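Asker: Quick one: the structure is below, questions incoming.
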Amino acid sequence: EVSLVIPIFNEEKNILNLYQEIVKFIKDYNYELIFVNDNSSDQSKFIIHEIQTKNSLVKCINHEKNLGQSCAIYSGINAAQYNTIITLDGDGQNNPADIPNLLKNFFYKNDVSLISGIRYNRKDNFIKIISSKIANKVRSYILNDKCSDTGCSLKVFDKSKFLEFPFFDGIHRFMPALFNGYGHKVLFINVDHRSRISGESKYGIINRLFKGIFDLIKVRNIIKTYEKKNN
């Protein structure tokens with residue numbers, strides 16, 4: 001039993017194809033598919049509603065204002081009825097064909113609480129790839145999370161353990177560090193990454209850089225606080 005959580009912000013041209021791919025690769029599981037419409041200004045909300053009329057397993061949460069990716073993911077996780085959560089981006093760059101392999105490893109590897117995808121052949125522009133590599137090296141050095149690609153949205157994890165963490169805007173980029181810091185087993189698996197077919201990235205490099213520094217300090221303090229309480 002799995003709950004798929006997909007944050008959506010102005011992805012009207014990607015939603016239907018992504019949905020069709022997901023259903024194809026998740027058919028062997030009992031599932032629910034939760035789209036979280038983060039106050040899109042295009043037709044995303046109506047496309048999701050049309051999908052809902054044809055599939056009762058599809059749910060939609062609509063934010064009245066744009067809250068960002070972390071809040072969208074958190075809304076979906078809180079609403080999920082199953083404890084096994086799958087997250088992936090709504091832009092279609094994550095490949096749903098990877099989901100069965102991630103789930104197989106999640107259910108059959110002993111005590112794994114998070115499986116985090118690693119994009120082994122990223123289809124992003126040069127600046128985005130280089131800035132991401134630098135950020136990953138700095139974060140991994142400071143937090144020792146052993147993750148080379150924390151920005152990959154394709155993840156499978158335990159809902160109850162995720163909800164142990166204090167929520168903050170940006171938490172989705174630090175999940176391997178948090179799971180590891182709380183003593184939960186993390187597994188990394190290479191996954192496919194595809195070129196964006198339509199639309200554009202919603203997240204800038206500069207504003208994410210400065211926010212990432214503050215978030216890095218915050219996560220380190222969260223883990224240290226947890227360690228003090230439990231040692």
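Naming scheme: A, B, ... for chains in displayed order of the structure tokens; residues 1 onward per chain; ligands 1 onward as shown.
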Would you kindly return, as a PDB file with all heavy atoms, in the first residue's frame, each protein, DNA or RNA residue with an atom no farther than 9 Å from any atom of A:Phe174, considering only C-alpha atoms and excluding same-chain residues fewer than 3 positions away?
Answerer:
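And here is the file that came out, out33.pdb:
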ATOM      1  N   ARG A 139      27.067  20.388   1.521  1.00  0.00           N
ATOM      2  CA  ARG A 139      26.095  19.809   2.446  1.00  0.00           C
ATOM      3  C   ARG A 139      26.546  18.455   2.967  1.00  0.00           C
ATOM      4  O   ARG A 139      26.475  18.170   4.163  1.00  0.00           O
ATOM      5  CB  ARG A 139      24.743  19.672   1.746  1.00  0.00           C
ATOM      6  CG  ARG A 139      23.606  19.256   2.660  1.00  0.00           C
ATOM      7  CD  ARG A 139      22.574  18.437   1.933  1.00  0.00           C
ATOM      8  NE  ARG A 139      23.119  17.171   1.463  1.00  0.00           N
ATOM      9  CZ  ARG A 139      23.519  16.959   0.230  1.00  0.00           C
ATOM     10  NH1 ARG A 139      23.413  17.876  -0.702  1.00  0.00           N
ATOM     11  NH2 ARG A 139      24.044  15.776  -0.105  1.00  0.00           N
ATOM     12  N   ASP A 145      25.885  13.173   5.222  1.00  0.00           N
ATOM     13  CA  ASP A 145      24.719  12.366   4.855  1.00  0.00           C
ATOM     14  C   ASP A 145      25.009  11.359   3.742  1.00  0.00           C
ATOM     15  O   ASP A 145      24.150  10.583   3.359  1.00  0.00           O
ATOM     16  CB  ASP A 145      23.541  13.252   4.470  1.00  0.00           C
ATOM     17  CG  ASP A 145      23.839  14.156   3.270  1.00  0.00           C
ATOM     18  OD1 ASP A 145      24.901  13.971   2.635  1.00  0.00           O
ATOM     19  OD2 ASP A 145      23.018  15.040   2.977  1.00  0.00           O
ATOM     20  N   THR A 150      20.924  15.220  -3.170  1.00  0.00           N
ATOM     21  CA  THR A 150      19.766  15.344  -2.282  1.00  0.00           C
ATOM     22  C   THR A 150      18.585  16.026  -2.957  1.00  0.00           C
ATOM     23  O   THR A 150      17.461  15.973  -2.477  1.00  0.00           O
ATOM     24  CB  THR A 150      20.156  16.118  -1.002  1.00  0.00           C
ATOM     25  OG1 THR A 150      19.112  15.994  -0.049  1.00  0.00           O
ATOM     26  CG2 THR A 150      20.410  17.580  -1.299  1.00  0.00           C
ATOM     27  N   GLY A 151      18.834  16.697  -4.097  1.00  0.00           N
ATOM     28  CA  GLY A 151      17.768  17.415  -4.787  1.00  0.00           C
ATOM     29  C   GLY A 151      16.847  16.547  -5.625  1.00  0.00           C
ATOM     30  O   GLY A 151      15.847  17.031  -6.152  1.00  0.00           O
ATOM     31  N   GLY A 170      11.923  23.863   3.087  1.00  0.00           N
ATOM     32  CA  GLY A 170      13.192  23.391   2.546  1.00  0.00           C
ATOM     33  C   GLY A 170      13.538  21.996   3.023  1.00  0.00           C
ATOM     34  O   GLY A 170      14.545  21.417   2.608  1.00  0.00           O
ATOM     35  N   ILE A 171      12.688  21.414   3.848  1.00  0.00           N
ATOM     36  CA  ILE A 171      12.974  20.106   4.438  1.00  0.00           C
ATOM     37  C   ILE A 171      13.161  19.016   3.384  1.00  0.00           C
ATOM     38  O   ILE A 171      13.935  18.066   3.582  1.00  0.00           O
ATOM     39  CB  ILE A 171      11.857  19.706   5.431  1.00  0.00           C
ATOM     40  CG1 ILE A 171      12.270  18.478   6.251  1.00  0.00           C
ATOM     41  CG2 ILE A 171      10.529  19.453   4.710  1.00  0.00           C
ATOM     42  CD1 ILE A 171      11.300  18.134   7.365  1.00  0.00           C
ATOM     43  N   ALA A 177      19.848  13.498   5.203  1.00  0.00           N
ATOM     44  CA  ALA A 177      20.570  13.914   6.402  1.00  0.00           C
ATOM     45  C   ALA A 177      19.719  13.708   7.649  1.00  0.00           C
ATOM     46  O   ALA A 177      20.217  13.250   8.688  1.00  0.00           O
ATOM     47  CB  ALA A 177      20.987  15.380   6.282  1.00  0.00           C
ATOM     48  N   LEU A 178      18.435  14.040   7.561  1.00  0.00           N
ATOM     49  CA  LEU A 178      17.549  13.915   8.718  1.00  0.00           C
ATOM     50  C   LEU A 178      17.287  12.452   9.067  1.00  0.00           C
ATOM     51  O   LEU A 178      17.341  12.066  10.243  1.00  0.00           O
ATOM     52  CB  LEU A 178      16.238  14.657   8.452  1.00  0.00           C
ATOM     53  CG  LEU A 178      16.360  16.186   8.461  1.00  0.00           C
ATOM     54  CD1 LEU A 178      15.128  16.829   7.838  1.00  0.00           C
ATOM     55  CD2 LEU A 178      16.562  16.701   9.890  1.00  0.00           C
ATOM     56  N   PHE A 179      16.976  11.641   8.070  1.00  0.00           N
ATOM     57  CA  PHE A 179      16.757  10.220   8.349  1.00  0.00           C
ATOM     58  C   PHE A 179      18.015   9.600   8.958  1.00  0.00           C
ATOM     59  O   PHE A 179      17.950   8.860   9.940  1.00  0.00           O
ATOM     60  CB  PHE A 179      16.365   9.483   7.064  1.00  0.00           C
ATOM     61  CG  PHE A 179      14.887   9.468   6.793  1.00  0.00           C
ATOM     62  CD1 PHE A 179      14.291  10.492   6.082  1.00  0.00           C
ATOM     63  CD2 PHE A 179      14.095   8.429   7.249  1.00  0.00           C
ATOM     64  CE1 PHE A 179      12.920  10.493   5.831  1.00  0.00           C
ATOM     65  CE2 PHE A 179      12.733   8.404   6.997  1.00  0.00           C
ATOM     66  CZ  PHE A 179      12.138   9.446   6.287  1.00  0.00           C
ATOM     67  N   ASP A 215      19.335  26.870   5.857  1.00  0.00           N
ATOM     68  CA  ASP A 215      18.727  25.562   6.090  1.00  0.00           C
ATOM     69  C   ASP A 215      19.761  24.544   6.543  1.00  0.00           C
ATOM     70  O   ASP A 215      19.476  23.676   7.373  1.00  0.00           O
ATOM     71  CB  ASP A 215      18.033  25.062   4.819  1.00  0.00           C
ATOM     72  CG  ASP A 215      16.761  25.826   4.510  1.00  0.00           C
ATOM     73  OD1 ASP A 215      16.265  26.522   5.408  1.00  0.00           O
ATOM     74  OD2 ASP A 215      16.272  25.721   3.371  1.00  0.00           O
ATOM     75  N   LEU A 216      20.961  24.639   5.994  1.00  0.00           N
ATOM     76  CA  LEU A 216      22.051  23.738   6.371  1.00  0.00           C
ATOM     77  C   LEU A 216      22.369  23.863   7.864  1.00  0.00           C
ATOM     78  O   LEU A 216      22.502  22.856   8.577  1.00  0.00           O
ATOM     79  CB  LEU A 216      23.291  24.071   5.545  1.00  0.00           C
ATOM     80  CG  LEU A 216      24.503  23.158   5.668  1.00  0.00           C
ATOM     81  CD1 LEU A 216      24.159  21.737   5.264  1.00  0.00           C
ATOM     82  CD2 LEU A 216      25.640  23.700   4.812  1.00  0.00           C
ATOM     83  N   VAL A 219      19.402  22.358   9.890  1.00  0.00           N
ATOM     84  CA  VAL A 219      19.386  20.893   9.930  1.00  0.00           C
ATOM     85  C   VAL A 219      20.472  20.367  10.865  1.00  0.00           C
ATOM     86  O   VAL A 219      20.238  19.420  11.634  1.00  0.00           O
ATOM     87  CB  VAL A 219      19.567  20.315   8.511  1.00  0.00           C
ATOM     88  CG1 VAL A 219      19.767  18.800   8.562  1.00  0.00           C
ATOM     89  CG2 VAL A 219      18.351  20.650   7.650  1.00  0.00           C
TER      90      VAL A 219
END
Asker: Just list as a ChimeraX atom specification whatever in stretch 10-177 of chain A DSSP marks as alpha helix (DSSP H).
Answerer: /A:15-26,44-54,69-79,99-108,126-143,159-162,175-177
Asker: Keeping only C-alpha atoms, write the selected residues to a file as an mmCIF file, in the first residue's frame.
Answerer:
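Just written: result07.cif:
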data_model
loop_
_atom_site.group_PDB
_atom_site.id
_atom_site.type_symbol
_atom_site.label_atom_id
_atom_site.label_comp_id
_atom_site.auth_asym_id
_atom_site.auth_seq_id
_atom_site.Cartn_x
_atom_site.Cartn_y
_atom_site.Cartn_z
ATOM 1 C CA ILE A 15 0.203 16.354 -15.634
ATOM 2 C CA LEU A 16 -1.777 13.989 -17.868
ATOM 3 C CA ASN A 17 1.246 12.227 -19.340
ATOM 4 C CA LEU A 18 2.829 11.885 -15.904
ATOM 5 C CA TYR A 19 -0.385 10.436 -14.488
ATOM 6 C CA GLN A 20 -0.645 7.877 -17.306
ATOM 7 C CA GLU A 21 2.949 6.765 -16.743
ATOM 8 C CA ILE A 22 2.495 6.442 -12.987
ATOM 9 C CA VAL A 23 -0.635 4.304 -13.308
ATOM 10 C CA LYS A 24 1.205 2.031 -15.719
ATOM 11 C CA PHE A 25 4.056 1.355 -13.302
ATOM 12 C CA ILE A 26 2.136 1.292 -10.004
ATOM 13 C CA SER A 44 -3.479 22.453 -13.630
ATOM 14 C CA LYS A 45 -6.351 22.346 -11.135
ATOM 15 C CA PHE A 46 -8.926 21.558 -13.814
ATOM 16 C CA ILE A 47 -6.781 18.887 -15.474
ATOM 17 C CA ILE A 48 -6.360 17.125 -12.134
ATOM 18 C CA HIS A 49 -10.128 17.372 -11.534
ATOM 19 C CA GLU A 50 -10.766 15.740 -14.911
ATOM 20 C CA ILE A 51 -8.421 12.881 -13.976
ATOM 21 C CA GLN A 52 -10.281 12.476 -10.675
ATOM 22 C CA THR A 53 -13.565 11.933 -12.499
ATOM 23 C CA LYS A 54 -12.021 8.874 -14.164
ATOM 24 C CA GLN A 69 7.524 22.733 -2.715
ATOM 25 C CA SER A 70 8.201 21.684 0.886
ATOM 26 C CA CYS A 71 4.773 22.788 2.090
ATOM 27 C CA ALA A 72 3.099 21.107 -0.872
ATOM 28 C CA ILE A 73 4.867 17.827 -0.148
ATOM 29 C CA TYR A 74 4.070 18.131 3.568
ATOM 30 C CA SER A 75 0.368 18.696 2.830
ATOM 31 C CA GLY A 76 0.282 15.546 0.737
ATOM 32 C CA ILE A 77 2.125 13.450 3.316
ATOM 33 C CA ASN A 78 -0.210 14.567 6.106
ATOM 34 C CA ALA A 79 -3.232 13.665 3.987
ATOM 35 C CA ILE A 99 9.183 3.318 -9.031
ATOM 36 C CA PRO A 100 8.863 -0.523 -9.047
ATOM 37 C CA ASN A 101 12.595 -0.958 -8.393
ATOM 38 C CA LEU A 102 12.579 1.575 -5.555
ATOM 39 C CA LEU A 103 9.542 -0.090 -3.958
ATOM 40 C CA LYS A 104 11.055 -3.567 -4.326
ATOM 41 C CA ASN A 105 14.160 -2.414 -2.454
ATOM 42 C CA PHE A 106 12.123 -0.521 0.140
ATOM 43 C CA PHE A 107 9.927 -3.485 1.033
ATOM 44 C CA TYR A 108 12.575 -6.214 0.872
ATOM 45 C CA PHE A 126 25.143 23.361 -17.144
ATOM 46 C CA ILE A 127 24.807 26.097 -14.519
ATOM 47 C CA LYS A 128 22.118 24.196 -12.614
ATOM 48 C CA ILE A 129 24.157 20.981 -12.624
ATOM 49 C CA ILE A 130 27.390 22.644 -11.459
ATOM 50 C CA SER A 131 25.693 24.701 -8.727
ATOM 51 C CA SER A 132 23.920 21.563 -7.533
ATOM 52 C CA LYS A 133 27.177 19.581 -7.397
ATOM 53 C CA ILE A 134 28.850 22.293 -5.317
ATOM 54 C CA ALA A 135 25.875 22.514 -2.957
ATOM 55 C CA ASN A 136 25.782 18.730 -2.579
ATOM 56 C CA LYS A 137 29.481 18.538 -1.727
ATOM 57 C CA VAL A 138 29.223 21.300 0.891
ATOM 58 C CA ARG A 139 26.095 19.809 2.446
ATOM 59 C CA SER A 140 27.470 16.281 2.462
ATOM 60 C CA TYR A 141 30.722 17.438 4.065
ATOM 61 C CA ILE A 142 28.968 19.325 6.869
ATOM 62 C CA LEU A 143 26.109 16.888 7.530
ATOM 63 C CA LYS A 159 5.659 8.494 6.750
ATOM 64 C CA SER A 160 5.716 7.971 10.518
ATOM 65 C CA LYS A 161 9.478 8.456 10.673
ATOM 66 C CA PHE A 162 9.349 11.539 8.427
ATOM 67 C CA MET A 175 15.709 14.211 4.000
ATOM 68 C CA PRO A 176 18.746 11.874 3.734
ATOM 69 C CA ALA A 177 20.570 13.914 6.402
#
Asker: Find the residues around A:Ile86 up to 7 Å (only C-alpha atoms counted), leave out those fewer than 3 positions away in its own chain, and share them as a ChimeraX atom specification.
Answerer: /A:3-5,155-157
Asker: Within stretch 19-225 of chain A, find each residue whose DSSP state, derived from the backbone, is strand (DSSP E), and express the selection as a VMD selection string.
Answerer: chain A and resid 31 to 37 58 to 62 84 to 87 112 to 119 155 to 158 185 to 191
Asker: Could you tell me how far atom CA of A:Ser113 sits from atom CA of A:Asp192, in Å to one decimal place?
Answerer: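 Taking atom CA of A:Asp192 and atom CA of A:Ser113, their separation equals 21.4 Å.
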Asker: Using only C-alpha atoms, which of A:Val36, A:Leu154, A:Leu67, A:Ala97 sits nearest A:Ile85?
Answerer: A:Leu154
Asker: Looking at only C-alpha atoms, which of A:Glu164, A:Asp38, A:Asp111, A:Glu32 is the one that sits closest to A:Tyr182?
Answerer: A:Glu164
Asker: Taking only C-alpha atoms into account, name the residue in A:His172, A:Arg119, A:Arg220, A:Lys13 that is nearest to A:Val191.
Answerer: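 Checking each of A:His172, A:Arg119, A:Arg220, A:Lys13 against A:Val191, counting only C-alpha atoms, the winner is A:Arg119.
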Asker: Hey, what's within 9 Å of A:Leu57 if we count only C-alpha atoms and toss same-chain stuff fewer than 6 positions away? As a PyMOL selection string, please?
Answerer: chain A and resi 31-34
Asker: Would you kindly return, as an NGL selection string, each protein, DNA or RNA residue with an atom no farther than 8 Å from any atom of A:Gln93, considering only C-alpha atoms and excluding same-chain residues fewer than 4 positions away?
Answerer: :A and (89 or 193-196)
Asker: Go ahead and dump the residues you just picked, N, CA, C and O atoms, as a PDB file, in the first residue's frame.
Answerer:
ATOM      1  N   ASP A  89       8.554  14.759  -8.717  1.00  0.00           N
ATOM      2  CA  ASP A  89       8.204  16.073  -9.250  1.00  0.00           C
ATOM      3  C   ASP A  89       7.051  15.986 -10.237  1.00  0.00           C
ATOM      4  O   ASP A  89       6.836  14.958 -10.883  1.00  0.00           O
ATOM      5  N   HIS A 193      16.760  10.410 -15.267  1.00  0.00           N
ATOM      6  CA  HIS A 193      16.352  11.813 -15.235  1.00  0.00           C
ATOM      7  C   HIS A 193      16.152  12.262 -16.671  1.00  0.00           C
ATOM      8  O   HIS A 193      16.989  12.015 -17.537  1.00  0.00           O
ATOM      9  N   ARG A 194      15.002  12.903 -16.923  1.00  0.00           N
ATOM     10  CA  ARG A 194      14.623  13.233 -18.293  1.00  0.00           C
ATOM     11  C   ARG A 194      14.588  14.741 -18.511  1.00  0.00           C
ATOM     12  O   ARG A 194      14.445  15.528 -17.566  1.00  0.00           O
ATOM     13  N   SER A 195      14.701  15.127 -19.752  1.00  0.00           N
ATOM     14  CA  SER A 195      14.592  16.543 -20.097  1.00  0.00           C
ATOM     15  C   SER A 195      13.170  17.013 -19.877  1.00  0.00           C
ATOM     16  O   SER A 195      12.210  16.257 -20.078  1.00  0.00           O
ATOM     17  N   ARG A 196      13.040  18.242 -19.457  1.00  0.00           N
ATOM     18  CA  ARG A 196      11.710  18.828 -19.293  1.00  0.00           C
ATOM     19  C   ARG A 196      11.103  19.039 -20.681  1.00  0.00           C
ATOM     20  O   ARG A 196      11.705  19.684 -21.538  1.00  0.00           O
TER      21      ARG A 196
END
